[in-house]
Each structure stands twice: as C-alpha cells, then as structure tokens.
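Everything below concerns the one structure shown next.
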Amino acid sequence: MTLPPLAVLHAESAPALDLLTVPQVMARLQLSRSAVYDLLRSGQLASITLGRARRIPTHALTDFIRTRLEQEAA
C-alpha cells in the first residue's frame, strides 16, 4: 500500500498541523519574548510542548485574539 504524498496529507489536515514558534507569535502580536511567555504561563494563550520546543497552534492564537477583541468590545 502506498501512502499519499506529504503535500496531500498536509493539505487535508493543514489546520491541525499549523504550529507557530514563540518568535513567530512575537512578530505577529508585536510583543516581547517575555510577554508571550507570560501569556503562555497564565493560560491565556494555549500551546503544546514537543520535547523542549514550545509550539502555539494557529487556532489558539486566533482564539486568543478573538477573546481579547470580545473583552474590549464588552
């Protein structure tokens, strides 16, 4: 049995596989490294740990931004 090419697997499950590094989140939110780690530590921004690497799913970043916008609007 042959497996589909990696590009096909990535395209079908892209939302589940989109992970950002802390520097990528820093750039997107224009925050310092310590500010991003504070958000992670406080649970405001969800992440996973792979070995020693911390990764933030893109949906977690989107949820964080949406929640903050709703809080500001209230």
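To be explicit about the labels: the chains of the structure tokens are called A, B, and onward in the order shown, and within each one the residues are counted from 1, while ligands get numbers from 1 in the order they are shown.
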Exercise. List every residue of stretch 15-57 of chain A that DSSP, applied to the backbone of this structure, assigns to strand (DSSP E), and report them as a PyMOL selection string.
Key: chain A and resi 19-20+48-50+53-57
Put those residues in a file: C-alpha atoms, as a PDB file, in the first residue's frame.
ATOM      1  CA  LEU A  19       2.107  25.393  14.607  1.00  0.00           C
ATOM      2  CA  LEU A  20       3.938  28.635  15.350  1.00  0.00           C
ATOM      3  CA  ILE A  48       1.975  22.361  23.243  1.00  0.00           C
ATOM      4  CA  THR A  49       5.450  21.190  24.111  1.00  0.00           C
ATOM      5  CA  LEU A  50       7.339  18.912  21.735  1.00  0.00           C
ATOM      6  CA  ALA A  53      10.240  23.143  21.934  1.00  0.00           C
ATOM      7  CA  ARG A  54       7.107  25.194  22.616  1.00  0.00           C
ATOM      8  CA  ARG A  55       4.624  25.466  19.746  1.00  0.00           C
ATOM      9  CA  ILE A  56       1.441  27.508  19.513  1.00  0.00           C
ATOM     10  CA  PRO A  57      -1.333  26.234  17.225  1.00  0.00           C
TER      11      PRO A  57
END
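Here the question is which of A:Ala27, A:Val22, A:Glu72, A:His59 gets nearest to A:Leu39 using only C-alpha atoms, and that residue is A:Val22.
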Exercise. Using atom CA of A:Leu45 and atom CA of A:Gln24 as the two end points, give the distance in Å to one decimal.
Key: 13.7 Å
